[in-house]
Amino acid sequence: MAYELITMGRIGVDLYPLQTGVPLSRVTSFGKFLGGSATNVAVAAARLGRRTAVITRTGADPFGTYLHEALRGFGVDDRWVTAVPGLPTPVTFCEVFPPDDFPLYFYRQPKAPDLEIGADELDLDAVREARVFWMTGTGLCTEPSRTATLTALAHRARSGTTVFDLDWRPMFWTNAAWTNTSRKDAVREDPAWEDPAFARPFYAEALRHATVAVGNIDEVEIATGEREPHAAAAALLEAGVELAVVKQGPKGVLAVHRDGTIAEVPPLPVEVLNGLGAGDAFGGSLCHGLLAGWDLEKIMRHANAAGAIVASRLECSSAMPTPREIEEALTAGAVR
């Protein structure tokens, strides 16, 4: 059977402080969790009952072993998660200052294994046959991941639903550029690698193959040059997608379909503990709703609720909600 969802992109170990409101320098204990945006989306959809798999790479180390075990525990197929000898599994630390300050510290040097995905190792038939394929902007930041991502998109040829998570992380583009050049001193001084205009052509190429684009205000601006939500959604549709989803934080979410359907849904009230996994929960629920064939407003309401539930919890992957939890939150009109 074809997978209902295959994601492709980041994986790593999230180390979250067990004390909130404390600077990282003073934290004394941490919780260890599966992390990485594309991986968390696969986990979120699996929690909602979907058959999912992830394409990514880890280090050949104990943290890599842990990630395989965690994926299987969440019901996500790990057959396309392979090790890269000589590169460590990425680790990410965060600080937790509710309700809206969650600094991240990525340890992905000298290069993250998930950026070593090669086009020659892809199961392109499985990618094409999946009902939903999810890829990210980070996957475009460097080679060989960039070519692998675009190869997967081209082979898929817009069959089924192809979601482009705009996922703008400027530090990954700068670090990748520096890692993959012999002119390190020159690149370090070259602002072009930090200029969103450098990324935009790669985003445009991916948008030609995608049917859905999803991102926050900053991310849609990277992709289109437009920051106003309705203008950005229109620009994404013009770039080739059928559905544009613009996340607006406290203003909720705007979704615009090429057929003229528009859904603008307010956020679900929540007491935020850690907002870092909310977008991934939103993404997993978005895929679930698309697979279920729900109308646009229902998809957005459920995705908003899934994101709010995870924002109310410390962890990300293990916090992904069940269908019952989402329904209860929607019935209550808030996350309690």
# chains A, B, ... in the order shown; residues from 1 in each chain; ligands from 1
$ closest_atom_pairs --of "range 95-123 of chain A" --to "range 300-315 of chain A" --cutoff "12 Å" --atoms "only C-alpha atoms" --output "Markdown table"
| residue | atom | partner | partner_atom | distance |
| --- | --- | --- | --- | --- |
| A:Glu95 | CA | A:Leu314 | CA | 10.9 |
| A:Val96 | CA | A:Leu314 | CA | 8.6 |
| A:Phe97 | CA | A:Leu314 | CA | 11.2 |
| A:Pro98 | CA | A:Ala311 | CA | 9.9 |
| A:Pro99 | CA | A:Ala311 | CA | 9.3 |
| A:Asp100 | CA | A:Ala311 | CA | 10.1 |
| A:Phe102 | CA | A:Leu314 | CA | 11.1 |
$ write_last_selection --atoms "C-alpha atoms" --output "mmCIF file, in the first residue's frame"
data_model
loop_
_atom_site.group_PDB
_atom_site.id
_atom_site.type_symbol
_atom_site.label_atom_id
_atom_site.label_comp_id
_atom_site.auth_asym_id
_atom_site.auth_seq_id
_atom_site.Cartn_x
_atom_site.Cartn_y
_atom_site.Cartn_z
ATOM 1 C CA GLU A 95 15.098 28.181 26.386
ATOM 2 C CA VAL A 96 11.492 28.411 27.544
ATOM 3 C CA PHE A 97 10.178 31.849 28.499
ATOM 4 C CA PRO A 98 6.375 31.683 28.097
ATOM 5 C CA PRO A 99 4.305 32.934 26.468
ATOM 6 C CA ASP A 100 6.289 33.991 23.394
ATOM 7 C CA PHE A 102 11.647 30.366 22.932
#
$ residues_around --residues "Phe133 in chain A" --least-positions-apart "5" --cutoff "9 Å" --atoms "only C-alpha atoms" --output "PyMOL selection string"
chain A and resi 4-8+127-128+153+156+160-164
$ select_by_dssp --residues "range 205-255 of chain A" --states "alpha helix (DSSP H)" --output "JSON, numbers by chain"
{"A": [205, 206, 207, 208, 209, 217, 218, 219, 220, 221, 222, 223, 224, 229, 230, 231, 232, 233, 234, 235, 236, 237, 238, 239]}
$ write_last_selection --atoms "N, CA and C atoms" --output "compact mmCIF listing (two decimals), in the first residue's frame"
# COMPACT_ATOMS: atom_id res chain seq x y z
N GLU A 205 11.37 27.48 -7.69
CA GLU A 205 11.41 26.20 -8.40
C GLU A 205 10.58 25.15 -7.66
N ALA A 206 10.70 25.11 -6.34
CA ALA A 206 9.91 24.15 -5.57
C ALA A 206 8.41 24.44 -5.67
N LEU A 207 8.04 25.71 -5.66
CA LEU A 207 6.63 26.08 -5.75
C LEU A 207 6.00 25.62 -7.06
N ARG A 208 6.79 25.53 -8.12
CA ARG A 208 6.25 25.07 -9.41
C ARG A 208 5.74 23.64 -9.32
N HIS A 209 6.31 22.86 -8.39
CA HIS A 209 5.96 21.45 -8.27
C HIS A 209 4.99 21.17 -7.13
N ILE A 217 4.24 34.55 8.40
CA ILE A 217 4.38 35.82 7.67
C ILE A 217 5.80 36.00 7.15
N ASP A 218 6.80 35.73 7.99
CA ASP A 218 8.19 35.87 7.56
C ASP A 218 8.50 34.92 6.41
N GLU A 219 7.99 33.70 6.49
CA GLU A 219 8.32 32.70 5.47
C GLU A 219 7.65 32.98 4.13
N VAL A 220 6.40 33.45 4.15
CA VAL A 220 5.78 33.77 2.87
C VAL A 220 6.46 34.98 2.22
N GLU A 221 7.00 35.86 3.04
CA GLU A 221 7.73 37.00 2.48
C GLU A 221 9.01 36.53 1.79
N ILE A 222 9.70 35.53 2.37
CA ILE A 222 10.89 34.98 1.72
C ILE A 222 10.53 34.39 0.37
N ALA A 223 9.41 33.68 0.32
CA ALA A 223 9.02 32.99 -0.91
C ALA A 223 8.50 33.93 -1.99
N THR A 224 7.83 35.01 -1.59
CA THR A 224 7.10 35.82 -2.56
C THR A 224 7.50 37.29 -2.59
N PRO A 229 -0.84 39.28 4.35
CA PRO A 229 -1.28 37.89 4.17
C PRO A 229 -2.04 37.61 2.88
N HIS A 230 -3.03 38.44 2.54
CA HIS A 230 -3.81 38.17 1.33
C HIS A 230 -2.96 38.34 0.08
N ALA A 231 -2.08 39.33 0.05
CA ALA A 231 -1.20 39.52 -1.09
C ALA A 231 -0.22 38.37 -1.21
N ALA A 232 0.30 37.90 -0.07
CA ALA A 232 1.22 36.77 -0.09
C ALA A 232 0.52 35.50 -0.58
N ALA A 233 -0.70 35.27 -0.12
CA ALA A 233 -1.46 34.10 -0.58
C ALA A 233 -1.69 34.15 -2.08
N ALA A 234 -2.03 35.33 -2.58
CA ALA A 234 -2.24 35.49 -4.02
C ALA A 234 -0.95 35.22 -4.79
N ALA A 235 0.18 35.67 -4.24
CA ALA A 235 1.46 35.45 -4.91
C ALA A 235 1.83 33.97 -4.91
N LEU A 236 1.52 33.26 -3.85
CA LEU A 236 1.79 31.82 -3.81
C LEU A 236 0.94 31.08 -4.84
N LEU A 237 -0.31 31.47 -4.97
CA LEU A 237 -1.17 30.86 -6.00
C LEU A 237 -0.63 31.16 -7.39
N GLU A 238 -0.17 32.37 -7.59
CA GLU A 238 0.41 32.75 -8.88
C GLU A 238 1.67 31.94 -9.17
N ALA A 239 2.40 31.57 -8.12
CA ALA A 239 3.64 30.79 -8.28
C ALA A 239 3.36 29.34 -8.64
$ atom_distance --atom1 "CA of Asn274 in chain A" --atom2 "CA of Gly12 in chain A"
17.9 Å
$ atom_distance --atom1 "CA of Ala148 in chain A" --atom2 "CA of Val81 in chain A"
14.4 Å
$ atom_distance --atom1 "CA of Met320 in chain A" --atom2 "CA of Ala152 in chain A"
27.2 Å
$ residues_around --residues "range 107-123 of chain A" --least-positions-apart "6" --cutoff "6 Å" --atoms "only C-alpha atoms" --output "list in words"
Arg10, Thr56, Arg57, Thr58, Val84, Pro90, Val91, Thr92, Pro144, Ser145 and Ala148 of chain A
$ write_last_selection --atoms "C-alpha atoms" --output "PDB file, in the first residue's frame"
ATOM      1  CA  ARG A  10      15.203  17.593   9.362  1.00  0.00           C
ATOM      2  CA  THR A  56      16.134  11.809   6.449  1.00  0.00           C
ATOM      3  CA  ARG A  57      19.612  10.970   7.779  1.00  0.00           C
ATOM      4  CA  THR A  58      21.226  10.773  11.209  1.00  0.00           C
ATOM      5  CA  VAL A  84      26.082   9.275   7.679  1.00  0.00           C
ATOM      6  CA  PRO A  90      22.106  17.118  15.414  1.00  0.00           C
ATOM      7  CA  VAL A  91      21.135  18.321  18.871  1.00  0.00           C
ATOM      8  CA  THR A  92      18.933  21.345  19.546  1.00  0.00           C
ATOM      9  CA  PRO A 144      23.147  17.293  -2.050  1.00  0.00           C
ATOM     10  CA  SER A 145      19.853  17.864  -0.212  1.00  0.00           C
ATOM     11  CA  ALA A 148      17.490  15.441  -3.902  1.00  0.00           C
TER      12      ALA A 148
END
$ select_by_dssp --residues "range 4-133 of chain A" --states "strand (DSSP E)" --output "PDB file with C-alpha atoms, in the first residue's frame"
ATOM      1  CA  LEU A   5       2.212  10.760   4.064  1.00  0.00           C
ATOM      2  CA  ILE A   6       5.946  10.833   3.383  1.00  0.00           C
ATOM      3  CA  THR A   7       7.937  13.743   4.779  1.00  0.00           C
ATOM      4  CA  MET A   8      11.496  14.691   3.864  1.00  0.00           C
ATOM      5  CA  GLY A  12      17.498  15.541  15.513  1.00  0.00           C
ATOM      6  CA  VAL A  13      17.416  15.322  19.265  1.00  0.00           C
ATOM      7  CA  ASP A  14      15.597  18.102  21.125  1.00  0.00           C
ATOM      8  CA  LEU A  15      16.885  18.794  24.626  1.00  0.00           C
ATOM      9  CA  TYR A  16      14.287  20.868  26.449  1.00  0.00           C
ATOM     10  CA  PRO A  17      14.926  22.405  29.878  1.00  0.00           C
ATOM     11  CA  PHE A  30      16.739  18.455  30.403  1.00  0.00           C
ATOM     12  CA  GLY A  31      14.225  16.174  28.713  1.00  0.00           C
ATOM     13  CA  LYS A  32      15.313  14.323  25.568  1.00  0.00           C
ATOM     14  CA  PHE A  33      12.859  14.174  22.644  1.00  0.00           C
ATOM     15  CA  LEU A  34      12.681  13.308  18.972  1.00  0.00           C
ATOM     16  CA  GLY A  35      12.806  16.543  16.957  1.00  0.00           C
ATOM     17  CA  THR A  52       3.561   7.803   7.559  1.00  0.00           C
ATOM     18  CA  ALA A  53       7.272   7.613   6.800  1.00  0.00           C
ATOM     19  CA  VAL A  54      10.154  10.081   6.840  1.00  0.00           C
ATOM     20  CA  ILE A  55      13.147  10.476   4.528  1.00  0.00           C
ATOM     21  CA  THR A  56      16.134  11.809   6.449  1.00  0.00           C
ATOM     22  CA  ARG A  57      19.612  10.970   7.779  1.00  0.00           C
ATOM     23  CA  THR A  58      21.226  10.773  11.209  1.00  0.00           C
ATOM     24  CA  GLY A  59      24.699  10.304  12.575  1.00  0.00           C
ATOM     25  CA  VAL A  76       6.496   6.249  11.810  1.00  0.00           C
ATOM     26  CA  ASP A  77       8.280   4.052   9.239  1.00  0.00           C
ATOM     27  CA  VAL A  81      16.358   7.017   7.732  1.00  0.00           C
ATOM     28  CA  THR A  82      20.018   6.244   7.090  1.00  0.00           C
ATOM     29  CA  ALA A  83      23.262   7.037   8.897  1.00  0.00           C
ATOM     30  CA  VAL A  84      26.082   9.275   7.679  1.00  0.00           C
ATOM     31  CA  VAL A  91      21.135  18.321  18.871  1.00  0.00           C
ATOM     32  CA  THR A  92      18.933  21.345  19.546  1.00  0.00           C
ATOM     33  CA  PHE A  93      18.607  23.167  22.861  1.00  0.00           C
ATOM     34  CA  CYS A  94      15.945  25.724  23.665  1.00  0.00           C
ATOM     35  CA  LEU A 104      16.717  27.889  19.830  1.00  0.00           C
ATOM     36  CA  TYR A 105      20.337  26.777  19.708  1.00  0.00           C
ATOM     37  CA  PHE A 106      21.086  24.398  16.840  1.00  0.00           C
ATOM     38  CA  TYR A 107      24.166  22.164  16.962  1.00  0.00           C
ATOM     39  CA  VAL A 132       0.799  13.425   0.460  1.00  0.00           C
ATOM     40  CA  PHE A 133       4.481  14.370   0.141  1.00  0.00           C
TER      41      PHE A 133
END
$ residues_around --residues "Gly333 in chain A" --least-positions-apart "6" --cutoff "10 Å" --atoms "only C-alpha atoms" --output "PDB file with N, CA and C atoms, in the first residue's frame"
ATOM      1  N   PRO A 267      -7.253  31.955  16.195  1.00  0.00           N
ATOM      2  CA  PRO A 267      -6.580  30.925  16.995  1.00  0.00           C
ATOM      3  C   PRO A 267      -7.478  30.438  18.129  1.00  0.00           C
ATOM      4  N   LEU A 268      -7.171  29.247  18.613  1.00  0.00           N
ATOM      5  CA  LEU A 268      -7.886  28.714  19.769  1.00  0.00           C
ATOM      6  C   LEU A 268      -7.194  29.233  21.030  1.00  0.00           C
ATOM      7  N   PRO A 269      -7.928  29.809  21.974  1.00  0.00           N
ATOM      8  CA  PRO A 269      -7.302  30.320  23.201  1.00  0.00           C
ATOM      9  C   PRO A 269      -6.515  29.240  23.930  1.00  0.00           C
ATOM     10  N   VAL A 270      -5.293  29.595  24.361  1.00  0.00           N
ATOM     11  CA  VAL A 270      -4.424  28.621  25.022  1.00  0.00           C
ATOM     12  C   VAL A 270      -3.439  29.352  25.916  1.00  0.00           C
ATOM     13  N   ALA A 305      -6.311  23.885  16.339  1.00  0.00           N
ATOM     14  CA  ALA A 305      -6.477  23.239  17.643  1.00  0.00           C
ATOM     15  C   ALA A 305      -5.290  22.336  17.964  1.00  0.00           C
ATOM     16  N   GLU A 327     -10.858  17.153  19.168  1.00  0.00           N
ATOM     17  CA  GLU A 327     -12.304  17.363  19.219  1.00  0.00           C
ATOM     18  C   GLU A 327     -12.721  17.981  20.553  1.00  0.00           C
TER      19      GLU A 327
END
$ closest_residue --among "A:Leu24, A:Leu140, A:Ala126, A:Ala46" --to "Gly73 in chain A" --atoms "only C-alpha atoms"
A:Ala46
